[in-house]
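J.: One file is attached below, upload.tsv, containing TSV, C-alpha atoms.
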```tsv
chain	number	residue	atom	x	y	z
A	1	MET	CA	10.64	-48.11	98.99
A	2	ALA	CA	13.23	-50.72	98.06
A	3	ALA	CA	11.75	-51.10	94.57
A	4	GLY	CA	11.87	-47.33	94.05
A	5	PHE	CA	15.50	-47.20	95.16
A	6	VAL	CA	16.44	-50.00	92.76
A	7	ALA	CA	14.62	-48.27	89.88
A	8	LEU	CA	16.41	-44.99	90.66
A	9	ALA	CA	19.78	-46.75	90.76
A	10	VAL	CA	19.08	-48.38	87.40
A	11	VAL	CA	18.13	-45.01	85.87
A	12	VAL	CA	21.26	-43.36	87.26
A	13	PHE	CA	23.39	-46.22	85.95
A	14	LEU	CA	21.86	-45.91	82.48
A	15	VAL	CA	22.37	-42.15	82.46
A	16	VAL	CA	26.02	-42.51	83.47
A	17	LEU	CA	26.52	-45.21	80.84
A	18	PHE	CA	24.90	-42.96	78.23
A	19	LEU	CA	27.16	-40.03	79.15
A	20	ILE	CA	30.27	-42.20	79.05
A	21	SER	CA	29.32	-43.40	75.58
A	22	ALA	CA	28.23	-39.96	74.34
A	23	ILE	CA	30.97	-37.67	75.63
A	24	LYS	CA	34.12	-37.75	73.53
A	25	VAL	CA	37.31	-35.71	73.63
A	26	ALA	CA	39.63	-35.10	70.69
A	27	ARG	CA	43.14	-33.77	71.22
A	28	GLU	CA	44.41	-30.70	69.40
A	29	TYR	CA	46.03	-32.82	66.69
A	30	GLU	CA	43.02	-35.16	66.26
A	31	ARG	CA	39.76	-34.95	64.33
A	32	GLY	CA	36.75	-37.23	64.64
A	33	ILE	CA	35.05	-38.37	61.44
A	34	VAL	CA	31.49	-39.23	62.45
A	35	PHE	CA	29.09	-41.54	60.59
A	36	ARG	CA	25.45	-41.21	61.68
A	37	LEU	CA	23.49	-44.28	60.66
A	38	GLY	CA	26.13	-44.87	58.01
A	39	ARG	CA	26.05	-41.33	56.56
A	40	LEU	CA	29.03	-39.01	56.86
A	41	LEU	CA	28.45	-35.82	58.85
A	42	PRO	CA	29.51	-32.63	57.02
A	43	GLU	CA	32.21	-31.47	59.42
A	44	PRO	CA	34.77	-33.41	61.49
A	45	LYS	CA	34.49	-33.17	65.26
A	46	GLY	CA	37.14	-31.64	67.48
A	47	PRO	CA	39.39	-30.59	68.90
A	48	GLY	CA	37.93	-30.51	72.39
A	49	LEU	CA	34.74	-31.91	73.92
A	50	PHE	CA	31.76	-33.04	71.84
A	51	LEU	CA	28.78	-35.38	72.08
A	52	LEU	CA	27.85	-38.45	70.06
A	53	ILE	CA	24.58	-40.37	69.98
A	54	PRO	CA	25.33	-43.87	71.28
A	55	ILE	CA	24.56	-46.73	68.87
A	56	VAL	CA	23.56	-44.23	66.17
A	57	ASP	CA	26.96	-42.54	65.71
A	58	ARG	CA	30.28	-44.20	64.89
A	59	MET	CA	33.49	-42.19	65.02
A	60	VAL	CA	36.88	-42.71	63.39
A	61	LYS	CA	39.77	-40.64	64.78
A	62	VAL	CA	42.36	-39.21	62.40
A	63	ASP	CA	45.81	-38.00	63.49
A	64	LEU	CA	46.85	-34.74	61.80
A	65	ARG	CA	50.49	-34.85	62.90
A	66	THR	CA	53.31	-35.53	60.48
A	67	ILE	CA	53.76	-39.29	60.13
A	68	THR	CA	57.13	-40.94	59.49
A	69	LEU	CA	56.82	-43.86	57.09
A	70	ASN	CA	59.72	-46.27	56.58
A	71	ILE	CA	59.77	-47.51	52.99
A	72	PRO	CA	61.00	-51.09	52.52
A	73	PRO	CA	64.31	-51.47	50.63
A	74	GLN	CA	63.73	-51.20	46.90
A	75	GLU	CA	65.58	-52.76	43.99
A	76	VAL	CA	66.05	-50.07	41.34
A	77	ILE	CA	67.56	-50.20	37.86
A	78	THR	CA	69.34	-46.92	37.10
A	79	LYS	CA	69.28	-45.19	33.73
A	80	ASP	CA	72.61	-46.81	32.82
A	81	ASN	CA	71.22	-50.29	33.69
A	82	VAL	CA	73.02	-50.74	37.02
A	83	PRO	CA	71.01	-52.45	39.79
A	84	VAL	CA	71.04	-50.67	43.17
A	85	ARG	CA	69.25	-51.28	46.47
A	86	VAL	CA	67.91	-48.17	48.18
A	87	ASN	CA	66.31	-47.20	51.47
A	88	ALA	CA	63.89	-44.32	51.97
A	89	VAL	CA	61.85	-42.49	54.58
A	90	ALA	CA	58.66	-40.62	53.68
A	91	TYR	CA	57.00	-37.89	55.73
A	92	PHE	CA	53.34	-37.09	55.16
A	93	ARG	CA	50.51	-35.28	56.91
A	94	ILE	CA	46.76	-35.51	56.47
A	95	VAL	CA	45.12	-32.18	55.62
A	96	GLU	CA	41.68	-33.51	54.59
A	97	PRO	CA	40.53	-36.02	57.25
A	98	LYS	CA	37.23	-36.82	55.53
A	99	GLN	CA	38.89	-37.71	52.24
A	100	ALA	CA	41.51	-39.81	54.00
A	101	ILE	CA	38.79	-41.99	55.55
A	102	VAL	CA	36.04	-41.96	52.91
A	103	GLN	CA	37.97	-42.03	49.63
A	104	VAL	CA	40.84	-44.35	50.57
A	105	GLU	CA	40.46	-47.77	52.17
A	106	ASN	CA	43.76	-47.56	54.05
A	107	PHE	CA	45.70	-44.31	53.64
A	108	MET	CA	48.84	-45.71	55.30
A	109	VAL	CA	49.09	-48.55	52.78
A	110	ALA	CA	48.18	-46.22	49.90
A	111	THR	CA	50.88	-43.73	50.88
A	112	SER	CA	53.47	-46.48	51.29
A	113	GLN	CA	52.71	-47.91	47.84
A	114	LYS	CA	52.77	-44.44	46.27
A	115	ALA	CA	56.10	-43.66	47.92
A	116	GLN	CA	57.65	-46.92	46.70
A	117	THR	CA	56.47	-46.29	43.14
A	118	THR	CA	57.74	-42.70	43.20
A	119	LEU	CA	61.09	-43.81	44.61
A	120	ARG	CA	61.66	-46.35	41.84
A	121	SER	CA	60.43	-43.93	39.17
A	122	VAL	CA	62.63	-41.03	40.27
A	123	LEU	CA	65.82	-43.02	40.80
A	124	GLY	CA	65.32	-44.86	37.53
A	125	GLN	CA	65.71	-41.55	35.69
A	126	HIS	CA	69.29	-41.06	36.92
A	127	VAL	CA	72.58	-42.80	36.23
A	128	LEU	CA	74.60	-44.29	39.08
A	129	ASP	CA	77.10	-41.40	39.18
A	130	GLU	CA	74.23	-38.94	39.72
A	131	LEU	CA	72.79	-41.07	42.55
A	132	LEU	CA	76.15	-40.91	44.33
A	133	SER	CA	77.11	-37.29	43.60
A	134	GLU	CA	73.72	-35.49	43.56
A	135	ARG	CA	71.89	-37.19	46.39
A	136	GLU	CA	70.66	-33.96	48.00
A	137	LYS	CA	69.19	-32.72	44.72
A	138	ILE	CA	67.45	-36.02	44.07
A	139	LYS	CA	66.01	-36.07	47.59
A	140	ARG	CA	64.49	-32.61	47.14
A	141	ASP	CA	62.95	-33.08	43.70
A	142	PRO	CA	60.00	-35.43	44.47
A	143	ALA	CA	58.99	-33.43	47.57
A	144	GLY	CA	59.21	-30.21	45.59
A	145	ASP	CA	56.83	-31.60	42.98
A	146	HIS	CA	54.21	-32.25	45.66
A	147	ARG	CA	54.63	-28.82	47.22
A	148	ARG	CA	54.47	-26.93	43.94
A	149	GLY	CA	51.50	-28.90	42.64
A	150	ASP	CA	49.72	-28.97	46.02
A	151	ARG	CA	48.45	-32.39	45.08
A	152	PRO	CA	46.99	-35.00	47.42
A	153	VAL	CA	49.09	-38.09	48.05
A	154	GLY	CA	47.71	-41.11	46.25
A	155	ASP	CA	45.46	-41.48	43.25
A	156	GLN	CA	42.29	-41.94	45.31
A	157	GLY	CA	42.09	-38.44	46.74
A	158	LEU	CA	43.98	-38.91	49.98
A	159	GLY	CA	44.13	-35.47	51.53
A	160	GLY	CA	47.77	-35.36	52.53
A	161	ARG	CA	50.94	-33.83	51.23
A	162	GLY	CA	54.03	-35.97	51.08
A	163	GLU	CA	57.60	-34.99	51.66
A	164	GLY	CA	59.95	-37.80	50.75
A	165	ARG	CA	63.54	-38.26	51.85
A	166	ARG	CA	65.44	-40.60	49.56
A	167	ASP	CA	68.69	-42.11	50.67
A	168	THR	CA	70.74	-44.45	48.52
A	169	GLY	CA	72.82	-45.50	51.56
A	170	GLU	CA	76.32	-46.88	51.78
A	171	HIS	CA	75.23	-50.41	50.89
A	172	ALA	CA	73.52	-49.09	47.78
A	173	ALA	CA	76.70	-47.30	46.76
A	174	ARG	CA	78.71	-50.47	47.20
A	175	ASP	CA	76.19	-52.58	45.28
A	176	GLY	CA	75.97	-50.00	42.53
A	177	ALA	CA	79.73	-49.63	42.23
A	178	ALA	CA	80.14	-53.42	42.10
A	179	GLY	CA	77.48	-53.67	39.44
A	180	ARG	CA	79.09	-50.90	37.43
A	181	SER	CA	82.47	-52.63	37.70
A	182	ARG	CA	80.97	-55.89	36.48
A	183	ALA	CA	79.31	-54.07	33.59
A	184	ARG	CA	82.58	-52.40	32.59
A	185	ALA	CA	84.48	-55.70	32.85
A	186	ALA	CA	81.90	-57.41	30.66
A	187	CYS	CA	82.09	-54.58	28.16
A	188	GLU	CA	85.90	-54.72	28.04
A	189	GLY	CA	85.73	-58.51	27.61
A	190	ASP	CA	83.33	-58.09	24.71
A	191	GLN	CA	85.64	-55.55	23.13
A	192	ARG	CA	88.66	-57.89	23.49
A	193	ARG	CA	86.73	-60.77	21.99
A	194	GLY	CA	85.65	-58.48	19.15
A	195	ARG	CA	89.24	-57.51	18.42
A	196	VAL	CA	90.36	-61.15	18.42
A	197	SER	CA	87.57	-62.19	16.10
A	198	ARG	CA	88.55	-59.54	13.57
A	199	HIS	CA	92.15	-60.92	13.23
A	200	PRO	CA	92.63	-62.94	10.04
A	201	SER	CA	92.94	-66.66	10.64
A	202	GLY	CA	95.86	-67.11	8.29
```
Represent the supplied structure as structure tokens.
T.:
Amino acid sequence: MAAGFVALAVVVFLVVLFLISAIKVAREYERGIVFRLGRLLPEPKGPGLFLLIPIVDRMVKVDLRTITLNIPPQEVITKDNVPVRVNAVAYFRIVEPKQAIVQVENFMVATSQKAQTTLRSVLGQHVLDELLSEREKIKRDPAGDHRRGDRPVGDQGLGGRGEGRRDTGEHAARDGAAGRSRARAACEGDQRRGRVSRHPSG
């Protein structure tokens, strides 16, 4: 009798352990990318309740909400060769969970690097006066390109659309203005030296 009770308890324990490992819940904004013996299942799991095969299945959860990504300060050379330091915030959302996991090693790092490259590329096409006077227009342009093209973020097929918010910031304006002043002073000094050198020596 005691042996039978112990065997029954062990079976119940194993069943409960199996159910705990097999039953998964994904929230409304989550999707589960499941690999079965290393192979990707056709469709993501969720939202709601679903079952996995313990040991055989491995799941990676993907958040579909809009993610706010702080871009590190970037040193940018404007079109008129003035150095400025800029801050930026990028917003992106994953629309293809399978691609985000399978085709990109780390989509957060990939998106951050893409945003930094885009920031430097876009701001480098403008002169300092445009960065200070047309900030709203510059902020909208890169995001508009992604929306019109409906292109994934990143070159590796990351299934997300990015909406960037570029902000030169007050410190960037001060640095840029100081750099522009130094450039003008150097130019005026060169012009004065040029005028002096053209005077006849006798």
J.: Have a look at CA of Asp57 in chain A and CA of Leu19 in chain A and let me know their distance in Å, one decimal.
T.: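 Taking CA of Asp57 in chain A as the start and CA of Leu19 in chain A as the end point, the length is 13.7 Å.
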J.: Quick check, in Å to one decimal: how far apart do CA of Arg31 in chain A and CA of Asp63 in chain A lie?
T.: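 Answer for the CA of Arg31 in chain A to CA of Asp63 in chain A separation: 6.8 Å.
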J.: If we draw a sphere of 12 Å around (39.6, -37.1, 55.1), which residues have at least one atom in it when counting all atoms listed in the file? Please report them as a ChimeraX atom specification.
T.: /A:30-34,40-44,60-64,93-107,152-153,156-160
J.: Taking C-alpha atoms for each residue, export the selection above as a PDB file, in the coordinates of the input.
T.:
```pdb
ATOM      1  CA  GLU A  30      43.020 -35.160  66.260  1.00  0.00           C
ATOM      2  CA  ARG A  31      39.760 -34.950  64.330  1.00  0.00           C
ATOM      3  CA  GLY A  32      36.750 -37.230  64.640  1.00  0.00           C
ATOM      4  CA  ILE A  33      35.050 -38.370  61.440  1.00  0.00           C
ATOM      5  CA  VAL A  34      31.490 -39.230  62.450  1.00  0.00           C
ATOM      6  CA  LEU A  40      29.030 -39.010  56.860  1.00  0.00           C
ATOM      7  CA  LEU A  41      28.450 -35.820  58.850  1.00  0.00           C
ATOM      8  CA  PRO A  42      29.510 -32.630  57.020  1.00  0.00           C
ATOM      9  CA  GLU A  43      32.210 -31.470  59.420  1.00  0.00           C
ATOM     10  CA  PRO A  44      34.770 -33.410  61.490  1.00  0.00           C
ATOM     11  CA  VAL A  60      36.880 -42.710  63.390  1.00  0.00           C
ATOM     12  CA  LYS A  61      39.770 -40.640  64.780  1.00  0.00           C
ATOM     13  CA  VAL A  62      42.360 -39.210  62.400  1.00  0.00           C
ATOM     14  CA  ASP A  63      45.810 -38.000  63.490  1.00  0.00           C
ATOM     15  CA  LEU A  64      46.850 -34.740  61.800  1.00  0.00           C
ATOM     16  CA  ARG A  93      50.510 -35.280  56.910  1.00  0.00           C
ATOM     17  CA  ILE A  94      46.760 -35.510  56.470  1.00  0.00           C
ATOM     18  CA  VAL A  95      45.120 -32.180  55.620  1.00  0.00           C
ATOM     19  CA  GLU A  96      41.680 -33.510  54.590  1.00  0.00           C
ATOM     20  CA  PRO A  97      40.530 -36.020  57.250  1.00  0.00           C
ATOM     21  CA  LYS A  98      37.230 -36.820  55.530  1.00  0.00           C
ATOM     22  CA  GLN A  99      38.890 -37.710  52.240  1.00  0.00           C
ATOM     23  CA  ALA A 100      41.510 -39.810  54.000  1.00  0.00           C
ATOM     24  CA  ILE A 101      38.790 -41.990  55.550  1.00  0.00           C
ATOM     25  CA  VAL A 102      36.040 -41.960  52.910  1.00  0.00           C
ATOM     26  CA  GLN A 103      37.970 -42.030  49.630  1.00  0.00           C
ATOM     27  CA  VAL A 104      40.840 -44.350  50.570  1.00  0.00           C
ATOM     28  CA  GLU A 105      40.460 -47.770  52.170  1.00  0.00           C
ATOM     29  CA  ASN A 106      43.760 -47.560  54.050  1.00  0.00           C
ATOM     30  CA  PHE A 107      45.700 -44.310  53.640  1.00  0.00           C
ATOM     31  CA  PRO A 152      46.990 -35.000  47.420  1.00  0.00           C
ATOM     32  CA  VAL A 153      49.090 -38.090  48.050  1.00  0.00           C
ATOM     33  CA  GLN A 156      42.290 -41.940  45.310  1.00  0.00           C
ATOM     34  CA  GLY A 157      42.090 -38.440  46.740  1.00  0.00           C
ATOM     35  CA  LEU A 158      43.980 -38.910  49.980  1.00  0.00           C
ATOM     36  CA  GLY A 159      44.130 -35.470  51.530  1.00  0.00           C
ATOM     37  CA  GLY A 160      47.770 -35.360  52.530  1.00  0.00           C
TER      38      GLY A 160
END
```
J.: Excluding Leu123 in chain A and any residue of its chain fewer than 2 positions from it, enumerate the residues within 10 Å of it, using all atoms listed in the file, and give them as a ChimeraX atom specification.
T.: /A:76-79,84,86,118-121,125-128,130-131,138-139,166,168
J.: Just give me the residues with any atom within 6 Å of (28.8, -38.8, 64.2), file coordinates, counting all atoms listed in the file, written as a PyMOL selection string.
T.: chain A and resi 34-36+52+57-59
J.: Work out how far CA of Ile71 in chain A is from CA of Arg85 in chain A, in Å to one decimal.
T.: 12.1 Å
